[in-house]
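Asks: Dropping in work34.tsv, with TSV, C-alpha atoms.
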```tsv
chain	number	residue	atom	x	y	z
R	1219	TRP	CA	-9.24	-1.48	10.29
R	1220	ARG	CA	-6.87	-4.23	9.15
R	1221	ASP	CA	-3.64	-2.49	10.15
R	1222	PHE	CA	-3.25	-2.89	13.88
R	1223	GLY	CA	-0.89	-3.76	16.70
R	1224	TYR	CA	-1.70	-6.06	19.62
R	1225	ALA	CA	0.11	-6.60	22.90
R	1226	HIS	CA	-0.66	-8.91	25.79
R	1227	ALA	CA	-0.74	-7.69	29.37
R	1228	PRO	CA	2.68	-7.25	31.00
R	1229	GLU	CA	1.91	-9.73	33.76
R	1230	PRO	CA	2.10	-13.49	33.22
R	1231	PRO	CA	-1.24	-15.30	33.06
R	1232	PRO	CA	-2.59	-16.70	36.31
R	1233	VAL	CA	-2.20	-20.41	36.99
R	1234	GLY	CA	-4.89	-22.33	35.13
R	1235	ALA	CA	-5.73	-19.55	32.66
R	1236	GLN	CA	-5.74	-20.21	28.95
R	1237	ASP	CA	-2.45	-19.50	27.18
R	1238	GLY	CA	-3.34	-16.29	25.35
R	1239	GLY	CA	-6.63	-14.75	24.29
R	1240	PRO	CA	-9.52	-13.77	26.55
R	1241	GLY	CA	-8.98	-15.27	29.99
R	1242	ARG	CA	-5.34	-14.29	30.16
R	1243	GLU	CA	-6.38	-10.64	30.57
R	1244	ARG	CA	-9.45	-9.11	32.10
R	1245	ASN	CA	-9.52	-5.91	30.04
R	1246	LEU	CA	-8.84	-4.88	26.46
R	1247	LEU	CA	-7.82	-1.28	25.76
R	1248	ILE	CA	-8.30	-0.04	22.18
R	1249	PHE	CA	-6.22	3.01	21.20
R	1250	LEU	CA	-7.45	5.39	18.46
R	1251	HIS	CA	-4.83	7.98	17.46
R	1252	GLY	CA	-5.45	11.58	16.45
R	1253	PHE	CA	-5.40	13.08	12.95
R	1254	GLY	CA	-1.95	12.65	11.43
R	1255	GLY	CA	-0.99	9.92	13.89
R	1256	ARG	CA	-0.35	6.19	13.68
R	1257	LYS	CA	-0.52	3.18	15.93
R	1258	GLY	CA	3.19	2.86	16.80
R	1259	PRO	CA	3.46	5.59	19.47
R	1260	PHE	CA	0.36	4.23	21.20
R	1261	MET	CA	1.83	0.75	21.40
R	1262	GLU	CA	4.89	2.38	23.01
R	1263	LEU	CA	2.60	4.26	25.42
R	1264	ALA	CA	0.90	1.00	26.38
R	1265	GLU	CA	4.27	-0.52	27.22
R	1266	LYS	CA	5.14	2.46	29.43
R	1267	LEU	CA	1.78	2.38	31.21
R	1268	GLY	CA	2.14	-1.35	31.91
R	1269	LEU	CA	-1.52	-1.72	32.87
R	1270	PRO	CA	-1.94	-5.04	34.71
R	1271	LYS	CA	-4.12	-7.73	33.16
R	1272	THR	CA	-4.89	-5.42	30.23
R	1273	ALA	CA	-4.27	-6.32	26.60
R	1274	VAL	CA	-3.85	-3.49	24.10
R	1275	LEU	CA	-5.05	-3.07	20.53
R	1276	ALA	CA	-4.07	-0.03	18.43
R	1277	PHE	CA	-5.25	0.73	14.90
R	1278	ASP	CA	-4.12	2.95	12.07
R	1279	GLY	CA	-6.98	5.10	10.80
R	1280	PRO	CA	-8.54	4.10	7.47
R	1281	GLU	CA	-7.61	7.32	5.65
R	1282	ALA	CA	-3.97	7.95	4.69
R	1283	VAL	CA	-2.86	11.57	5.09
R	1284	PRO	CA	-1.09	12.85	1.92
R	1285	GLU	CA	2.67	12.75	2.41
R	1286	GLU	CA	3.09	16.35	1.23
R	1287	LEU	CA	1.33	17.42	4.43
R	1288	LEU	CA	3.67	15.43	6.67
R	1289	ASP	CA	7.12	15.76	8.19
R	1290	ASP	CA	7.18	12.14	9.36
R	1291	PRO	CA	5.05	9.85	7.18
R	1292	PRO	CA	3.10	7.65	7.21
R	1293	ALA	CA	0.16	9.12	9.06
R	1294	PHE	CA	-3.56	8.51	9.08
R	1295	GLY	CA	-6.94	9.97	9.91
R	1296	TRP	CA	-10.33	8.54	10.79
R	1297	PHE	CA	-12.70	10.70	8.75
R	1298	THR	CA	-12.69	13.40	6.09
R	1299	ILE	CA	-11.83	16.93	7.21
R	1300	PHE	CA	-10.73	18.53	3.89
R	1301	ASP	CA	-12.78	19.40	0.81
R	1302	GLU	CA	-11.65	18.80	-2.78
R	1303	GLU	CA	-9.41	21.89	-2.64
R	1304	PHE	CA	-7.76	20.84	0.64
R	1305	GLN	CA	-9.65	23.48	2.60
R	1306	LEU	CA	-10.93	22.55	6.03
R	1307	ILE	CA	-14.63	21.69	6.02
R	1308	GLU	CA	-16.39	24.00	8.45
R	1309	PRO	CA	-19.45	22.78	10.39
R	1310	CYS	CA	-22.71	24.47	9.47
R	1311	PRO	CA	-26.39	23.51	9.08
R	1312	GLY	CA	-26.77	21.14	6.16
R	1313	GLU	CA	-23.06	20.24	5.97
R	1314	GLN	CA	-22.84	16.44	6.08
R	1315	ARG	CA	-19.48	15.44	4.56
R	1316	ARG	CA	-17.53	15.05	7.81
R	1317	LEU	CA	-20.47	13.38	9.56
R	1318	ALA	CA	-21.02	10.91	6.71
R	1319	SER	CA	-17.33	9.96	6.80
R	1320	LEU	CA	-17.38	9.71	10.60
R	1321	ARG	CA	-20.34	7.34	10.44
R	1322	VAL	CA	-18.29	5.00	8.27
R	1323	ALA	CA	-15.42	5.04	10.78
R	1324	ALA	CA	-17.72	4.51	13.78
R	1325	ARG	CA	-19.44	1.65	11.98
R	1326	GLY	CA	-16.02	0.09	11.47
R	1327	LEU	CA	-15.32	0.45	15.19
R	1328	ALA	CA	-18.67	-1.17	15.95
R	1329	ASP	CA	-17.68	-4.09	13.71
R	1330	VAL	CA	-14.39	-4.42	15.63
R	1331	VAL	CA	-16.28	-4.59	18.94
R	1332	ALA	CA	-18.63	-7.22	17.50
R	1333	SER	CA	-15.67	-9.28	16.22
R	1334	LEU	CA	-13.95	-9.11	19.60
R	1335	ALA	CA	-17.16	-10.26	21.29
R	1336	SER	CA	-17.30	-13.24	18.92
R	1337	LEU	CA	-13.76	-14.14	20.01
R	1338	GLY	CA	-14.76	-14.26	23.66
R	1339	TRP	CA	-14.26	-10.71	24.93
R	1340	ALA	CA	-17.19	-9.50	27.01
R	1341	PRO	CA	-18.23	-5.96	25.93
R	1342	GLU	CA	-17.80	-4.66	29.49
R	1343	GLU	CA	-14.13	-5.75	29.33
R	1344	ILE	CA	-13.49	-3.48	26.31
R	1345	PHE	CA	-12.28	0.10	26.83
R	1346	LEU	CA	-11.77	2.75	24.14
R	1347	PHE	CA	-9.05	5.40	24.39
R	1348	GLY	CA	-9.21	8.11	21.73
R	1349	TYR	CA	-7.01	11.14	21.20
R	1350	GLY	CA	-8.26	14.07	19.12
R	1351	GLN	CA	-9.99	12.72	16.02
R	1352	GLY	CA	-9.80	9.18	17.38
R	1353	GLY	CA	-11.72	10.32	20.45
R	1354	THR	CA	-14.42	11.77	18.21
R	1355	VAL	CA	-14.88	8.33	16.63
R	1356	ALA	CA	-15.12	6.66	20.05
R	1357	LEU	CA	-17.64	9.22	21.35
R	1358	ASP	CA	-19.76	8.92	18.21
R	1359	LEU	CA	-20.16	5.22	18.87
R	1360	LEU	CA	-22.14	6.25	21.97
R	1361	LEU	CA	-24.38	8.66	20.02
R	1362	GLY	CA	-25.00	7.08	16.65
R	1363	VAL	CA	-27.91	4.67	16.69
R	1364	GLU	CA	-27.14	3.96	13.02
R	1365	HIS	CA	-23.82	2.22	13.71
R	1366	GLY	CA	-25.37	-1.23	14.01
R	1367	CYS	CA	-24.43	-2.15	17.59
R	1368	PRO	CA	-26.92	-4.17	19.65
R	1369	HIS	CA	-29.14	-1.80	21.60
R	1370	ASP	CA	-27.93	-1.05	25.14
R	1371	LEU	CA	-24.52	-2.63	24.55
R	1372	GLN	CA	-22.41	-1.81	27.65
R	1373	LEU	CA	-18.69	-1.18	27.15
R	1374	GLY	CA	-16.19	-0.90	30.00
R	1375	GLY	CA	-15.49	2.77	29.36
R	1376	VAL	CA	-14.41	5.48	26.92
R	1377	VAL	CA	-11.50	7.86	27.54
R	1378	GLY	CA	-11.15	10.93	25.33
R	1379	VAL	CA	-8.12	13.25	25.41
R	1380	ALA	CA	-8.27	16.68	23.72
R	1381	THR	CA	-11.36	15.63	21.79
R	1382	GLU	CA	-14.98	16.53	21.13
R	1383	VAL	CA	-18.26	15.28	19.75
R	1384	LEU	CA	-18.32	16.31	16.08
R	1385	PRO	CA	-20.11	19.70	15.91
R	1386	GLU	CA	-22.36	18.43	13.12
R	1387	ARG	CA	-23.54	15.69	15.50
R	1388	LEU	CA	-24.31	18.33	18.12
R	1389	LEU	CA	-26.70	19.98	15.66
R	1390	GLU	CA	-28.87	16.85	15.74
R	1391	PRO	CA	-31.53	16.51	18.45
R	1392	PRO	CA	-30.35	14.42	21.44
R	1393	GLY	CA	-31.96	11.29	22.80
R	1394	ARG	CA	-33.13	9.72	19.57
R	1395	GLY	CA	-34.38	6.53	21.21
R	1396	GLY	CA	-31.49	6.37	23.66
R	1397	ALA	CA	-27.86	5.49	23.09
R	1398	ALA	CA	-27.19	2.23	21.31
R	1399	VAL	CA	-23.91	1.84	23.19
R	1400	LYS	CA	-23.46	2.77	26.83
R	1401	ALA	CA	-20.21	3.35	28.72
R	1402	PRO	CA	-18.77	5.54	31.46
R	1403	VAL	CA	-16.86	8.43	29.82
R	1404	LEU	CA	-13.74	10.29	30.96
R	1405	LEU	CA	-12.76	13.46	29.07
R	1406	ILE	CA	-9.34	15.00	29.75
R	1407	HIS	CA	-8.99	18.47	28.28
R	1408	GLY	CA	-6.79	21.55	28.42
R	1409	ALA	CA	-7.87	25.07	29.29
R	1410	ALA	CA	-5.29	26.33	26.78
R	1411	ASP	CA	-6.36	24.03	23.91
R	1412	GLN	CA	-6.87	26.35	20.92
R	1413	ARG	CA	-7.76	23.71	18.35
R	1414	THR	CA	-10.55	22.22	20.47
R	1415	PRO	CA	-11.36	24.89	23.07
R	1416	PRO	CA	-12.85	24.00	26.48
R	1417	ARG	CA	-16.30	25.17	25.40
R	1418	ALA	CA	-16.28	22.38	22.77
R	1419	ALA	CA	-15.51	19.82	25.46
R	1420	GLU	CA	-18.26	21.25	27.66
R	1421	ALA	CA	-20.78	21.11	24.80
R	1422	SER	CA	-19.73	17.53	24.10
R	1423	ALA	CA	-20.16	16.61	27.76
R	1424	ALA	CA	-23.64	18.16	27.82
R	1425	ARG	CA	-24.69	16.19	24.74
R	1426	LEU	CA	-23.32	12.91	26.08
R	1427	ARG	CA	-25.10	13.46	29.39
R	1428	ALA	CA	-28.32	14.17	27.47
R	1429	ASP	CA	-27.98	10.68	26.01
R	1430	ALA	CA	-27.53	9.25	29.52
R	1431	ALA	CA	-23.76	8.77	29.54
R	1432	GLN	CA	-22.01	8.64	32.92
R	1433	LEU	CA	-19.39	11.30	32.34
R	1434	GLN	CA	-16.42	12.98	34.01
R	1435	LEU	CA	-14.87	16.07	32.41
R	1436	HIS	CA	-11.52	17.34	33.71
R	1437	VAL	CA	-10.17	20.61	32.26
R	1438	PHE	CA	-6.58	21.24	33.35
R	1439	PRO	CA	-5.11	24.77	33.54
R	1440	GLY	CA	-2.00	25.22	31.43
R	1441	ARG	CA	-2.76	22.18	29.31
R	1442	SER	CA	-3.18	22.57	25.54
R	1443	GLY	CA	-4.08	19.88	23.00
R	1444	GLU	CA	-1.31	17.35	23.59
R	1445	MET	CA	-1.68	13.69	24.45
R	1446	LEU	CA	-1.46	12.51	28.06
R	1447	ARG	CA	1.44	14.08	29.94
R	1448	GLY	CA	3.04	11.09	31.60
R	1449	GLY	CA	4.73	13.21	34.24
R	1450	HIS	CA	1.52	14.98	35.27
R	1451	ALA	CA	0.37	13.24	38.44
R	1452	GLU	CA	-3.21	14.56	38.41
R	1453	GLU	CA	-3.86	13.50	34.81
R	1454	MET	CA	-2.54	10.02	35.51
R	1455	ARG	CA	-4.58	9.81	38.71
R	1456	CYS	CA	-7.77	10.60	36.74
R	1457	LEU	CA	-6.95	7.89	34.26
R	1458	MET	CA	-6.01	5.21	36.77
R	1459	GLU	CA	-9.02	5.89	39.03
R	1460	PHE	CA	-11.35	5.71	36.04
```
Could you render the structure as structure tokens?
Replies:
Amino acid sequence: WRDFGYAHAPEPPPVGAQDGGPGRERNLLIFLHGFGGRKGPFMELAEKLGLPKTAVLAFDGPEAVPEELLDDPPAFGWFTIFDEEFQLIEPCPGEQRRLASLRVAARGLADVVASLASLGWAPEEIFLFGYGQGGTVALDLLLGVEHGCPHDLQLGGVVGVATEVLPERLLEPPGRGGAAVKAPVLLIHGAADQRTPPRAAEASAARLRADAAQLQLHVFPGRSGEMLRGGHAEEMRCLMEF
């Protein structure tokens, strides 16, 4: 969580506002890339979006992906998905390796939120945007009472693209004392996503609603598992209205 990029809002600060830091912007958007990604493309996306009065923070995941698996290193992930023989870990009752690793990542994200609050950012000004594996980390922050956030902490919102609640988390009973972190949730998914099929998004939405999340799920025909399609008017409308 030490390798990150930060960009101020594209608009100049209003007259009388502090020069930099909280007060110059009214929102902070935190980008969490997918497995095999890195922060750079998300900083470029932020520049293209040009969200007014919104600062942007993008992190590289804590786990480096081995270069032999990559065409364009470096790349990172947020939690363990391979076993010792580089086989994908499959979810099943009693399997805890991915969930244990995810808990570490979500606890790191909770620490980031706490640090930002100590610097003057109000929690309701902080928004999380996660793609794929990064979205799983953001959603787990809403479900894991063990992450160490103050109870009933209210964030501005969580956006997940082509993502899901980790299946191992879905095997746990919902509503264990209520969500530690609360936030409106927007899930953007593709009907043609083969890696994370629509039924996974629907199961994730059901679990989040069971833990009292305010949630919108939009499944788009013809969409697979890619990031936001900048030229798709309906996807961008969902994001901007959220």
Asks: Under the rule that all atoms listed in the file are counted, which of R:Thr1272, R:Ser1319, R:Ser1442, R:Asn1245 is the nearest residue to Pro1341 in chain R?
Replies: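 Going through R:Thr1272, R:Ser1319, R:Ser1442, R:Asn1245 one by one, the smallest distance to Pro1341 in chain R is for R:Asn1245.
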Asks: Given all atoms listed in the file as the basis, pick out the residue of R:Leu1317, R:Gly1348, R:Ala1276, R:Val1377 nearest to Phe1253 in chain R.
Replies: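 Checking each candidate against Phe1253 in chain R, we get R:Gly1348 as the closest.
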Asks: Which one is closest to Leu1357 in chain R: R:Leu1250, R:Ala1340, R:Glu1286, R:Glu1265? Count all atoms listed in the file.
Replies: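 Under the stated criterion, the closest residue is R:Leu1250.
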Asks: Show me, as a list in words, the residues that have an atom within 8 Å of Leu1384 in chain R when counting all atoms listed in the file, minus same-chain residues fewer than 2 positions from it.
Replies: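 Listing them by chain and then by number gives Leu1317, Thr1354, Asp1358, Glu1382, Glu1386, Arg1387 and Leu1388 of chain R.
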Asks: Smallest atom-to-atom distance to Glu1243 in chain R: which of R:Val1355, R:Leu1389, R:Leu1306, R:Leu1269, using only C-alpha atoms?
Replies: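 Under the stated criterion, the closest residue is R:Leu1269.
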Asks: Would you mind telling me which residue in R:Ala1225, R:Ile1248, R:Ala1335, R:Val1283 lies nearest to Val1376 in chain R when using only C-alpha atoms?
Replies: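 When distances to Val1376 in chain R are compared using only C-alpha atoms, the smallest one comes from R:Ile1248.
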Asks: Kindly indicate which residue among R:Leu1360, R:Pro1385, R:Gly1254, R:Gly1338 lies nearest to Pro1311 in chain R, using only C-alpha atoms for the distances.
Replies: R:Pro1385
Asks: At what distance in Å, to one decimal, does CA of Phe1294 in chain R lie from CA of Thr1414 in chain R?
Replies: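 It comes out at 19.1 Å.
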Asks: May I have the residues within 10 Å of Arg1321 in chain R as a PDB file with C-alpha atoms, in the coordinates of the input, using only C-alpha atoms and disregarding those fewer than 5 positions away in the same chain?
Replies:
```pdb
ATOM      1  CA  PHE R1297     -12.700  10.700   8.750  1.00  0.00           C
ATOM      2  CA  ARG R1316     -17.530  15.050   7.810  1.00  0.00           C
ATOM      3  CA  GLY R1326     -16.020   0.090  11.470  1.00  0.00           C
ATOM      4  CA  LEU R1327     -15.320   0.450  15.190  1.00  0.00           C
ATOM      5  CA  VAL R1355     -14.880   8.330  16.630  1.00  0.00           C
ATOM      6  CA  ASP R1358     -19.760   8.920  18.210  1.00  0.00           C
ATOM      7  CA  LEU R1359     -20.160   5.220  18.870  1.00  0.00           C
ATOM      8  CA  GLY R1362     -25.000   7.080  16.650  1.00  0.00           C
ATOM      9  CA  GLU R1364     -27.140   3.960  13.020  1.00  0.00           C
ATOM     10  CA  HIS R1365     -23.820   2.220  13.710  1.00  0.00           C
TER      11      HIS R1365
END
```
Asks: At a cut-off of 9 Å from (-15.2, -5.7, 27.1) in the coordinates of the file, what residues are picked up using only C-alpha atoms, written as a ChimeraX atom specification?
Replies: /R:1244-1247,1331,1334-1335,1339-1345,1372-1375
Asks: So how many Å separate CA of Ala1418 in chain R and CA of Gly1353 in chain R, to one decimal?
Replies: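 Spanning CA of Ala1418 in chain R to CA of Gly1353 in chain R is a straight-line distance of 13.1 Å.
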Asks: Which neighbours of Ala1332 in chain R fall inside 8 Å, counting all atoms listed in the file, when residues of the same chain fewer than 4 positions from it are skipped, and could you give them as a PyMOL selection string?
Replies: chain R and resi 1328+1336+1367
Asks: Which distance in Å separates CA of Gln1314 in chain R and CA of Leu1371 in chain R, to one decimal?
Replies: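 Computing it gives 26.6 Å between the two atoms.
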Asks: As a PyMOL selection string, please: the residues near Leu1426 in chain R (cut-off 9 Å, only C-alpha atoms, same-chain neighbours under 6 positions excluded).
Replies: chain R and resi 1357+1360-1361+1383+1392+1403+1432-1433
Asks: If you count only C-alpha atoms, which residues fall within 12 Å of Arg1447 in chain R, apart from same-chain ones fewer than 5 positions away, as a compact mmCIF listing (two decimals) with C-alpha atoms, in the coordinates of the input?
Replies:
```txt
# COMPACT_ATOMS: atom_id res chain seq x y z
CA LEU R 1263 2.60 4.26 25.42
CA LEU R 1267 1.78 2.38 31.21
CA VAL R 1379 -8.12 13.25 25.41
CA ALA R 1380 -8.27 16.68 23.72
CA ILE R 1406 -9.34 15.00 29.75
CA HIS R 1407 -8.99 18.47 28.28
CA GLY R 1408 -6.79 21.55 28.42
CA PHE R 1438 -6.58 21.24 33.35
CA GLY R 1440 -2.00 25.22 31.43
CA ARG R 1441 -2.76 22.18 29.31
CA SER R 1442 -3.18 22.57 25.54
CA GLU R 1452 -3.21 14.56 38.41
CA GLU R 1453 -3.86 13.50 34.81
CA MET R 1454 -2.54 10.02 35.51
CA ARG R 1455 -4.58 9.81 38.71
CA CYS R 1456 -7.77 10.60 36.74
CA LEU R 1457 -6.95 7.89 34.26
```
Asks: Dump as a PyMOL selection string all residues having an atom at most 8 Å from (-4.4, 8.0, 23.7), computed in the file's coordinates with only C-alpha atoms.
Replies: chain R and resi 1249-1251+1260+1347-1349+1378-1379+1445-1446
Asks: Give the padded box for range 1323-1338 of chain R as AutoDock Vina command-line options: axis-aligned, covering all atoms listed in the file, 6 Å on each side, centre and edge lengths in Å to one decimal.
Replies:
```
--center_x -16.6 --center_y -4.6 --center_z 17.2 --size_x 17.7 --size_y 31.3 --size_z 24.9
```
